[in-house]
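Colleague: Dropping the structure in here first, questions after.
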Amino acid sequence: MPGIDYYNLESDLSSEERLMRDTVRKFVTNEFLPIVREHFRAGTFPVSLIPQLGELGLLGANLSGFGLPGINNVAYGLVMQELDRGDSGLRSFASVQGSLVMYPILTFGSEAQKQKWLPLLRTGKAVGCFGLTEADHGSDPDGMKTRAVRDGKGYVLNGSKMWITNGSIADIAVVWAKLDGVIRGFLIEKGTAGFSAHDIKSKLSMRASITSELSFQDVRVPAENLLPSAEGLKSPLQCLTQARYGIAWGAVGAAMACFEEALAYSKERKQFGRPIGSFQLTQAKLADMLTEITKAQLLALKLGRLKDAGQMRHTQVSLAKRNNVRMALEVARTARGILGANGISDEYPVMRHLCNLETVETYEGTYEIHTLVLGKDLTGLDAVS
Ligand SMILES: Cc1cc2nc3c(=O)[nH]c(=O)nc-3n(C[C@H](O)[C@H](O)[C@H](O)COP(=O)(O)OP(=O)(O)OC[C@H]3O[C@@H](n4cnc5c(N)ncnc54)[C@H](O)[C@@H]3O)c2cc1C
């Protein structure tokens, strides 16, 4: 059950990669799709599914050691594709947990931090969040105001973070703050005095995902909660490269869900006595959507093979994230049009995906920032700041 596969990419996948994809597709179809509409309406995340995500090995799936699944990056990409086919909020949960919480602990953490947190995060017994963005510093995280100062053997943190996925449900927050003018990563546990999280209720996008503001008022952090090997902006950016890789695949999943809905609808819906799929204008839309999805699939697959070979550059991830998310947004918007008035109803998944993809275009580096990353790579000239 490969879904849309016009160029027989199935033949380029190993049996393990296919199995992983099919397992996640089954989980999303049976467990998630029946409940996503209610969660999207209510603005809640289905926390009851978190243990299953752990049991299926979907949390930190491409990481190795400490009992982690260590699947290859193409299989991991297919997992992200299938989760996002359900909802970008579901994929965001797994992306944040794996790429933005487990990855930094594994990469920059002490042995004790790894031993303590990775088994809990892998099984979903603990949830994590990643606090980089501030209300006044999104694309420019280096301008962050959150500060840590040394105090005896530990640190004291003051500041706030905004738009943090999983913030209020997280047991552990990876928080980036400046210490002596240098960005460092701190592990802050839920319940630490002076640390609070409040959900952002105004969202019209990513409604089936928790997004919070984090606040730190004289939060005392023990010395052992500093990520010892993370130093400078390059450390959080390294985590974001991992997460953006997953987004490049996830966007394909959201686009596939919208395309499949539009295709089925165009064959059933009749106007002027004929299925709307029989009109040339509708067929042109379907042909364009298929073409763009196929190109994005090829891009994601090649990127995954490069990553597995240890040859992936972060600028290649920028290209794929930028292209695939914009592609998915356009596919979702075109699909919305094919469904006519039904396209705006949550009886169909299209508008939900379209709304979510507006976030995906903005977070983890906006479309514009990735454009400038590519511009700099091509010219050697920095146009960002
Ligand atoms: C639902 C959701 C979940 C999120 N989850 C997390 C999370 O878990 N952790 C976290 O740390 N952050 C998270 N974010 C924050 C996200 O990463 C930021 O929103 C993003 O980095 C953009 O920052 P901003 O919103 O402040 O926009 P701004 O940086 O203010 O940008 C506004 C506009 O200006 C443009 N712009 C900015 N600078 C330039 C420039 N130099 N050249 C050209 N154009 C420019 C941008 O492209 C954009 O179009 C989340 C956001 C959302 C919406």
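Residues in the structure tokens are numbered from 1 in each chain, the chains being A, B, ... in the order shown, and ligands are numbered from 1 in the order shown.
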Could you give me, as a ChimeraX atom specification, every polymer residue with an atom at most 8 Å away from an atom of ligand 1, counting only C-alpha atoms and all ligand atoms?

Modeller: /A:96,129-141,161-167,203,205-206,209-211,359-360,362-369,372,383-385

Colleague: I'd like the neighbourhood of segment 262-265 of chain A as a PyMOL selection string, where a residue qualifies if any of its atoms comes within 9 Å (using only C-alpha atoms), though same-chain residues fewer than 5 positions away should be ignored.

Modeller: chain A and resi 257+275-277+286+334-339+350

Colleague: Restricting the output to N, CA and C atoms, write the selected residues as a short mmCIF file (atom, residue, chain, number, x, y, z; two decimals), in the first residue's frame.

Modeller:
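This is the output file again00.cif:
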```cif
data_model
loop_
_atom_site.label_atom_id
_atom_site.label_comp_id
_atom_site.auth_asym_id
_atom_site.auth_seq_id
_atom_site.Cartn_x
_atom_site.Cartn_y
_atom_site.Cartn_z
N ALA A 257 -2.24 13.18 1.21
CA ALA A 257 -3.59 13.06 1.79
C ALA A 257 -4.56 13.99 1.06
N PRO A 275 -19.02 13.87 -13.86
CA PRO A 275 -18.07 14.04 -12.75
C PRO A 275 -17.17 15.25 -13.02
N ILE A 276 -16.88 16.02 -11.97
CA ILE A 276 -16.02 17.20 -12.18
C ILE A 276 -14.62 16.80 -12.65
N GLY A 277 -14.24 15.54 -12.38
CA GLY A 277 -12.94 15.03 -12.85
C GLY A 277 -12.90 14.86 -14.37
N LEU A 286 -5.15 18.16 -11.29
CA LEU A 286 -4.69 16.86 -10.78
C LEU A 286 -3.32 16.50 -11.33
N THR A 334 -5.09 23.81 -3.86
CA THR A 334 -5.76 23.36 -5.09
C THR A 334 -6.80 22.29 -4.77
N ALA A 335 -6.45 21.38 -3.88
CA ALA A 335 -7.40 20.32 -3.48
C ALA A 335 -8.63 20.95 -2.82
N ARG A 336 -8.40 21.95 -2.02
CA ARG A 336 -9.51 22.66 -1.35
C ARG A 336 -10.47 23.20 -2.41
N GLY A 337 -9.92 23.75 -3.47
CA GLY A 337 -10.76 24.29 -4.54
C GLY A 337 -11.55 23.20 -5.25
N ILE A 338 -10.93 22.06 -5.48
CA ILE A 338 -11.62 20.95 -6.17
C ILE A 338 -12.80 20.46 -5.34
N LEU A 339 -12.68 20.54 -4.02
CA LEU A 339 -13.78 20.09 -3.16
C LEU A 339 -14.88 21.15 -3.01
N VAL A 350 -8.86 18.22 4.09
CA VAL A 350 -8.03 19.13 3.29
C VAL A 350 -7.77 20.47 3.97
#
```

Colleague: Contacts of Ala230 of chain A at 7 Å or less, counting only C-alpha atoms, minus same-chain residues fewer than 2 places along, as a PDB file with C-alpha atoms, in the first residue's frame?

Modeller:
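Saved the output as part.pdb:
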```pdb
ATOM      1  CA  PHE A 108      25.443  17.104  23.493  1.00  0.00           C
ATOM      2  CA  ARG A 184      23.980  27.053  25.888  1.00  0.00           C
ATOM      3  CA  GLY A 185      21.386  24.292  26.321  1.00  0.00           C
ATOM      4  CA  LEU A 227      24.184  20.092  28.098  1.00  0.00           C
ATOM      5  CA  PRO A 228      27.999  19.982  28.334  1.00  0.00           C
ATOM      6  CA  GLY A 232      26.805  28.546  20.338  1.00  0.00           C
ATOM      7  CA  SER A 235      24.099  23.556  18.409  1.00  0.00           C
TER       8      SER A 235
END
```

Colleague: Between A:Val149, A:Gly246, A:Phe272, A:Glu330, which residue has the minimum interatomic distance to Lys285 of chain A, considering only C-alpha atoms?

Modeller: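 For Lys285 of chain A, the nearest of the given residues is A:Glu330.
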
Colleague: Might you pull out every residue within 8 Å of segment 87-94 of chain A, with only C-alpha atoms counted and same-chain residues fewer than 5 positions away left off, and present them as an mmCIF file with all heavy atoms, in the first residue's frame?

Modeller:
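Output contents, as saved in result_11.cif:
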```
data_model
loop_
_atom_site.group_PDB
_atom_site.id
_atom_site.type_symbol
_atom_site.label_atom_id
_atom_site.label_comp_id
_atom_site.auth_asym_id
_atom_site.auth_seq_id
_atom_site.Cartn_x
_atom_site.Cartn_y
_atom_site.Cartn_z
ATOM 1 N N VAL A 36 -8.936 12.563 15.010
ATOM 2 C CA VAL A 36 -8.216 13.840 14.811
ATOM 3 C C VAL A 36 -9.177 15.027 14.708
ATOM 4 O O VAL A 36 -8.889 16.120 15.206
ATOM 5 C CB VAL A 36 -7.263 13.777 13.582
ATOM 6 C CG1 VAL A 36 -7.979 13.468 12.296
ATOM 7 C CG2 VAL A 36 -6.480 15.080 13.462
ATOM 8 N N PHE A 45 -4.173 17.707 21.861
ATOM 9 C CA PHE A 45 -3.372 16.642 21.249
ATOM 10 C C PHE A 45 -3.789 15.312 21.889
ATOM 11 O O PHE A 45 -3.984 15.258 23.112
ATOM 12 C CB PHE A 45 -1.877 16.890 21.487
ATOM 13 C CG PHE A 45 -1.015 15.804 20.897
ATOM 14 C CD1 PHE A 45 -0.786 15.761 19.530
ATOM 15 C CD2 PHE A 45 -0.469 14.814 21.696
ATOM 16 C CE1 PHE A 45 -0.013 14.742 18.964
ATOM 17 C CE2 PHE A 45 0.300 13.788 21.144
ATOM 18 C CZ PHE A 45 0.529 13.765 19.771
ATOM 19 N N LEU A 58 8.540 4.864 17.272
ATOM 20 C CA LEU A 58 8.492 6.051 16.410
ATOM 21 C C LEU A 58 9.101 7.289 17.070
ATOM 22 O O LEU A 58 9.136 8.353 16.459
ATOM 23 C CB LEU A 58 7.033 6.351 16.012
ATOM 24 C CG LEU A 58 6.241 5.179 15.409
ATOM 25 C CD1 LEU A 58 4.870 5.640 14.956
ATOM 26 C CD2 LEU A 58 7.001 4.553 14.245
ATOM 27 N N LEU A 59 9.568 7.158 18.303
ATOM 28 C CA LEU A 59 10.137 8.315 19.005
ATOM 29 C C LEU A 59 11.666 8.186 19.005
ATOM 30 O O LEU A 59 12.210 7.251 19.583
ATOM 31 C CB LEU A 59 9.575 8.384 20.431
ATOM 32 C CG LEU A 59 8.029 8.453 20.485
ATOM 33 C CD1 LEU A 59 7.520 8.397 21.925
ATOM 34 C CD2 LEU A 59 7.516 9.699 19.778
ATOM 35 N N GLY A 60 12.308 9.104 18.294
ATOM 36 C CA GLY A 60 13.774 8.992 18.119
ATOM 37 C C GLY A 60 14.122 7.783 17.279
ATOM 38 O O GLY A 60 15.161 7.151 17.482
ATOM 39 N N MET A 80 7.779 9.830 9.089
ATOM 40 C CA MET A 80 7.326 11.228 9.163
ATOM 41 C C MET A 80 6.255 11.502 8.103
ATOM 42 O O MET A 80 5.275 12.198 8.357
ATOM 43 C CB MET A 80 8.517 12.178 8.957
ATOM 44 C CG MET A 80 9.550 12.111 10.054
ATOM 45 S SD MET A 80 8.893 12.712 11.639
ATOM 46 C CE MET A 80 9.258 11.353 12.700
ATOM 47 N N THR A 165 6.186 23.849 20.938
ATOM 48 C CA THR A 165 5.404 22.621 20.754
ATOM 49 C C THR A 165 5.588 21.702 21.967
ATOM 50 O O THR A 165 6.726 21.518 22.430
ATOM 51 C CB THR A 165 5.857 21.897 19.465
ATOM 52 O OG1 THR A 165 5.716 22.804 18.377
ATOM 53 C CG2 THR A 165 5.024 20.637 19.210
ATOM 54 N N ASN A 166 4.497 21.141 22.458
ATOM 55 C CA ASN A 166 4.489 20.222 23.614
ATOM 56 C C ASN A 166 4.807 20.915 24.940
ATOM 57 O O ASN A 166 4.981 20.222 25.961
ATOM 58 C CB ASN A 166 5.501 19.053 23.465
ATOM 59 C CG ASN A 166 5.219 18.164 22.279
ATOM 60 O OD1 ASN A 166 4.144 18.222 21.692
ATOM 61 N ND2 ASN A 166 6.190 17.350 21.909
ATOM 62 N N MET A 206 -2.488 24.033 13.262
ATOM 63 C CA MET A 206 -1.894 23.089 14.229
ATOM 64 C C MET A 206 -2.748 22.995 15.493
ATOM 65 O O MET A 206 -2.220 22.983 16.603
ATOM 66 C CB MET A 206 -0.484 23.538 14.626
ATOM 67 C CG MET A 206 0.534 23.357 13.564
ATOM 68 S SD MET A 206 1.007 21.613 13.424
ATOM 69 C CE MET A 206 2.412 21.788 12.341
ATOM 70 N N ARG A 207 -4.042 22.904 15.301
ATOM 71 C CA ARG A 207 -4.922 22.871 16.476
ATOM 72 C C ARG A 207 -4.825 21.547 17.230
ATOM 73 O O ARG A 207 -5.095 21.508 18.424
ATOM 74 C CB ARG A 207 -6.371 23.172 16.054
ATOM 75 C CG ARG A 207 -6.561 24.639 15.659
ATOM 76 C CD ARG A 207 -8.019 25.003 15.517
ATOM 77 N NE ARG A 207 -8.822 24.665 16.691
ATOM 78 C CZ ARG A 207 -8.849 25.357 17.835
ATOM 79 N NH1 ARG A 207 -8.116 26.441 17.952
ATOM 80 N NH2 ARG A 207 -9.608 24.965 18.828
ATOM 81 N N ALA A 208 -4.457 20.470 16.508
ATOM 82 C CA ALA A 208 -4.323 19.183 17.196
ATOM 83 C C ALA A 208 -2.882 19.005 17.707
ATOM 84 O O ALA A 208 -2.308 17.912 17.643
ATOM 85 C CB ALA A 208 -4.720 18.041 16.278
ATOM 86 N N SER A 209 -2.309 20.088 18.180
ATOM 87 C CA SER A 209 -0.944 20.077 18.709
ATOM 88 C C SER A 209 -0.915 21.102 19.830
ATOM 89 O O SER A 209 -1.572 22.130 19.746
ATOM 90 C CB SER A 209 0.030 20.477 17.587
ATOM 91 O OG SER A 209 1.335 20.669 18.073
ATOM 92 N N GLY A 250 7.543 14.884 5.755
ATOM 93 C CA GLY A 250 6.196 15.046 6.296
ATOM 94 C C GLY A 250 5.296 15.813 5.355
ATOM 95 O O GLY A 250 4.131 15.447 5.152
ATOM 96 N N ALA A 254 1.337 15.099 3.905
ATOM 97 C CA ALA A 254 0.163 15.983 3.948
ATOM 98 C C ALA A 254 -0.360 16.229 2.537
ATOM 99 O O ALA A 254 -1.576 16.203 2.289
ATOM 100 C CB ALA A 254 0.539 17.304 4.628
ATOM 101 N N ARG A 352 -7.932 21.213 7.075
ATOM 102 C CA ARG A 352 -7.087 21.006 8.268
ATOM 103 C C ARG A 352 -5.608 20.985 7.860
ATOM 104 O O ARG A 352 -4.773 21.655 8.466
ATOM 105 C CB ARG A 352 -7.514 19.700 8.958
ATOM 106 C CG ARG A 352 -6.727 19.328 10.178
ATOM 107 C CD ARG A 352 -7.408 18.207 10.970
ATOM 108 N NE ARG A 352 -7.776 17.033 10.185
ATOM 109 C CZ ARG A 352 -6.927 16.092 9.778
ATOM 110 N NH1 ARG A 352 -5.652 16.184 10.092
ATOM 111 N NH2 ARG A 352 -7.354 15.060 9.062
ATOM 112 N N HIS A 353 -5.307 20.209 6.805
ATOM 113 C CA HIS A 353 -3.915 20.166 6.336
ATOM 114 C C HIS A 353 -3.469 21.543 5.852
ATOM 115 O O HIS A 353 -2.343 21.977 6.131
ATOM 116 C CB HIS A 353 -3.766 19.148 5.197
ATOM 117 C CG HIS A 353 -3.719 17.724 5.663
ATOM 118 N ND1 HIS A 353 -2.704 17.237 6.469
ATOM 119 C CD2 HIS A 353 -4.550 16.670 5.443
ATOM 120 C CE1 HIS A 353 -2.910 15.950 6.720
ATOM 121 N NE2 HIS A 353 -4.030 15.583 6.114
ATOM 122 N N ASN A 356 -2.696 23.695 8.774
ATOM 123 C CA ASN A 356 -1.447 23.248 9.418
ATOM 124 C C ASN A 356 -0.219 23.672 8.626
ATOM 125 O O ASN A 356 0.800 24.079 9.192
ATOM 126 C CB ASN A 356 -1.421 21.720 9.528
ATOM 127 C CG ASN A 356 -2.346 21.194 10.603
ATOM 128 O OD1 ASN A 356 -2.760 21.931 11.492
ATOM 129 N ND2 ASN A 356 -2.685 19.912 10.513
ATOM 130 N N LEU A 357 -0.325 23.548 7.305
ATOM 131 C CA LEU A 357 0.857 23.801 6.471
ATOM 132 C C LEU A 357 1.287 25.258 6.512
ATOM 133 O O LEU A 357 2.447 25.582 6.247
ATOM 134 C CB LEU A 357 0.588 23.327 5.026
ATOM 135 C CG LEU A 357 0.598 21.796 4.886
ATOM 136 C CD1 LEU A 357 -0.101 21.357 3.599
ATOM 137 C CD2 LEU A 357 2.029 21.246 4.923
ATOM 138 N N VAL A 360 3.776 25.059 9.073
ATOM 139 C CA VAL A 360 4.971 24.315 8.642
ATOM 140 C C VAL A 360 5.842 25.187 7.726
ATOM 141 O O VAL A 360 7.068 25.101 7.740
ATOM 142 C CB VAL A 360 4.576 22.983 7.969
ATOM 143 C CG1 VAL A 360 5.813 22.155 7.644
ATOM 144 C CG2 VAL A 360 3.662 22.172 8.893
#
```

Colleague: Choose the residue, out of A:Gly181, A:Trp249, A:Arg322, A:Tyr76, that has the smallest atom-to-atom separation from Ala300 of chain A; count only C-alpha atoms.

Modeller: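 Among the listed residues, A:Trp249 lies closest to Ala300 of chain A.
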
Colleague: What separation in Å, quoted to one decimal, exists between atom CA of Tyr103 of chain A and atom CA of Gln242 of chain A?

Modeller: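 Result for atom CA of Tyr103 of chain A versus atom CA of Gln242 of chain A: 8.2 Å, one decimal.
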
Colleague: Out of segment 74-233 of chain A, which residues get alpha helix (DSSP H) from DSSP, as a short mmCIF file (atom, residue, chain, number, x, y, z; two decimals) with N, CA, C and O atoms, in the first residue's frame?

Modeller:
```cif
data_model
loop_
_atom_site.label_atom_id
_atom_site.label_comp_id
_atom_site.auth_asym_id
_atom_site.auth_seq_id
_atom_site.Cartn_x
_atom_site.Cartn_y
_atom_site.Cartn_z
N VAL A 74 15.84 6.84 5.56
CA VAL A 74 14.72 6.75 4.60
C VAL A 74 13.50 6.16 5.32
O VAL A 74 12.37 6.67 5.19
N ALA A 75 13.72 5.11 6.10
CA ALA A 75 12.60 4.54 6.88
C ALA A 75 12.04 5.61 7.82
O ALA A 75 10.82 5.76 7.96
N TYR A 76 12.93 6.37 8.44
CA TYR A 76 12.49 7.45 9.34
C TYR A 76 11.68 8.49 8.57
O TYR A 76 10.63 8.96 9.03
N GLY A 77 12.15 8.84 7.38
CA GLY A 77 11.42 9.80 6.54
C GLY A 77 10.03 9.30 6.22
O GLY A 77 9.04 10.05 6.27
N LEU A 78 9.93 8.01 5.91
CA LEU A 78 8.62 7.43 5.61
C LEU A 78 7.70 7.46 6.84
O LEU A 78 6.49 7.64 6.71
N VAL A 79 8.30 7.30 8.02
CA VAL A 79 7.50 7.43 9.26
C VAL A 79 6.93 8.84 9.35
O VAL A 79 5.74 9.04 9.62
N MET A 80 7.78 9.83 9.09
CA MET A 80 7.33 11.23 9.16
C MET A 80 6.25 11.50 8.10
O MET A 80 5.28 12.20 8.36
N GLN A 81 6.44 10.95 6.93
CA GLN A 81 5.45 11.10 5.86
C GLN A 81 4.09 10.58 6.30
O GLN A 81 3.06 11.23 6.14
N GLU A 82 4.10 9.39 6.89
CA GLU A 82 2.83 8.77 7.27
C GLU A 82 2.17 9.47 8.46
O GLU A 82 0.95 9.57 8.52
N LEU A 83 2.99 9.94 9.41
CA LEU A 83 2.40 10.68 10.54
C LEU A 83 1.76 11.97 10.05
O LEU A 83 0.67 12.36 10.46
N ASP A 84 2.43 12.63 9.10
CA ASP A 84 1.92 13.90 8.58
C ASP A 84 0.73 13.69 7.66
O ASP A 84 -0.11 14.58 7.49
N ARG A 85 0.64 12.53 7.06
CA ARG A 85 -0.54 12.19 6.28
C ARG A 85 -1.77 12.21 7.21
O ARG A 85 -2.87 12.55 6.80
N GLY A 86 -1.52 11.87 8.48
CA GLY A 86 -2.58 11.99 9.48
C GLY A 86 -2.81 13.44 9.84
O GLY A 86 -3.89 14.00 9.65
N SER A 88 -0.17 17.26 10.59
CA SER A 88 1.17 17.81 10.87
C SER A 88 1.42 17.91 12.37
O SER A 88 2.57 17.91 12.82
N GLY A 89 0.35 18.00 13.17
CA GLY A 89 0.49 18.06 14.62
C GLY A 89 1.03 16.75 15.18
O GLY A 89 1.83 16.74 16.12
N LEU A 90 0.60 15.64 14.60
CA LEU A 90 1.09 14.33 15.03
C LEU A 90 2.56 14.19 14.67
O LEU A 90 3.39 13.76 15.49
N ARG A 91 2.91 14.60 13.45
CA ARG A 91 4.32 14.54 13.03
C ARG A 91 5.16 15.49 13.87
O ARG A 91 6.28 15.15 14.27
N SER A 92 4.61 16.65 14.19
CA SER A 92 5.37 17.61 15.02
C SER A 92 5.69 17.01 16.38
O SER A 92 6.80 17.20 16.90
N PHE A 93 4.73 16.30 16.96
CA PHE A 93 4.98 15.69 18.27
C PHE A 93 6.21 14.78 18.18
O PHE A 93 7.13 14.87 19.00
N ALA A 94 6.22 13.89 17.17
CA ALA A 94 7.33 12.93 17.05
C ALA A 94 8.62 13.63 16.64
O ALA A 94 9.71 13.26 17.10
N SER A 95 8.52 14.65 15.79
CA SER A 95 9.71 15.41 15.35
C SER A 95 10.38 16.08 16.54
O SER A 95 11.61 16.03 16.69
N TYR A 103 17.65 13.97 20.27
CA TYR A 103 18.90 14.20 19.51
C TYR A 103 19.88 15.09 20.28
O TYR A 103 21.06 14.73 20.43
N PRO A 104 19.45 16.26 20.81
CA PRO A 104 20.43 17.06 21.56
C PRO A 104 20.94 16.38 22.82
O PRO A 104 22.11 16.54 23.18
N ILE A 105 20.08 15.59 23.49
CA ILE A 105 20.57 14.89 24.68
C ILE A 105 21.62 13.86 24.26
O ILE A 105 22.69 13.73 24.87
N LEU A 106 21.32 13.14 23.17
CA LEU A 106 22.26 12.12 22.68
C LEU A 106 23.56 12.74 22.19
O LEU A 106 24.65 12.22 22.41
N THR A 107 23.44 13.89 21.50
CA THR A 107 24.60 14.50 20.85
C THR A 107 25.43 15.37 21.80
O THR A 107 26.65 15.37 21.74
N PHE A 108 24.74 16.12 22.66
CA PHE A 108 25.44 17.10 23.49
C PHE A 108 25.40 16.77 24.98
O PHE A 108 25.99 17.49 25.79
N GLU A 111 26.70 11.53 30.06
CA GLU A 111 26.31 10.13 30.17
C GLU A 111 25.08 9.99 31.09
O GLU A 111 24.13 9.26 30.79
N ALA A 112 25.11 10.73 32.22
CA ALA A 112 24.00 10.63 33.18
C ALA A 112 22.70 11.16 32.56
O ALA A 112 21.63 10.58 32.77
N GLN A 113 22.79 12.24 31.79
CA GLN A 113 21.58 12.78 31.14
C GLN A 113 21.00 11.77 30.14
O GLN A 113 19.79 11.58 30.07
N LYS A 114 21.90 11.13 29.39
CA LYS A 114 21.45 10.14 28.41
C LYS A 114 20.78 8.96 29.10
O LYS A 114 19.72 8.50 28.71
N GLN A 115 21.44 8.46 30.16
CA GLN A 115 20.91 7.29 30.88
C GLN A 115 19.55 7.60 31.49
O GLN A 115 18.67 6.76 31.50
N LYS A 116 19.41 8.81 31.97
CA LYS A 116 18.17 9.15 32.66
C LYS A 116 17.02 9.38 31.68
O LYS A 116 15.91 8.87 31.86
N TRP A 117 17.27 10.16 30.61
CA TRP A 117 16.15 10.64 29.80
C TRP A 117 15.85 9.82 28.56
O TRP A 117 14.67 9.70 28.17
N LEU A 118 16.87 9.26 27.91
CA LEU A 118 16.58 8.62 26.62
C LEU A 118 15.60 7.45 26.72
O LEU A 118 14.67 7.34 25.92
N PRO A 119 15.74 6.56 27.74
CA PRO A 119 14.75 5.47 27.82
C PRO A 119 13.34 5.98 28.07
O PRO A 119 12.36 5.44 27.53
N LEU A 120 13.21 7.03 28.88
CA LEU A 120 11.88 7.57 29.17
C LEU A 120 11.27 8.23 27.94
O LEU A 120 10.07 8.08 27.65
N LEU A 121 12.10 8.95 27.19
CA LEU A 121 11.60 9.65 26.00
C LEU A 121 11.29 8.68 24.87
O LEU A 121 10.33 8.85 24.12
N ARG A 122 12.09 7.64 24.74
CA ARG A 122 11.91 6.64 23.68
C ARG A 122 10.57 5.92 23.85
O ARG A 122 9.88 5.62 22.87
#
```

Colleague: Could you tell me which of A:Leu378, A:Leu204, A:Cys239, A:Met327 comes closest to Gly43 of chain A if we count only C-alpha atoms?

Modeller: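 So, comparing all the options, the nearest one is A:Leu204.
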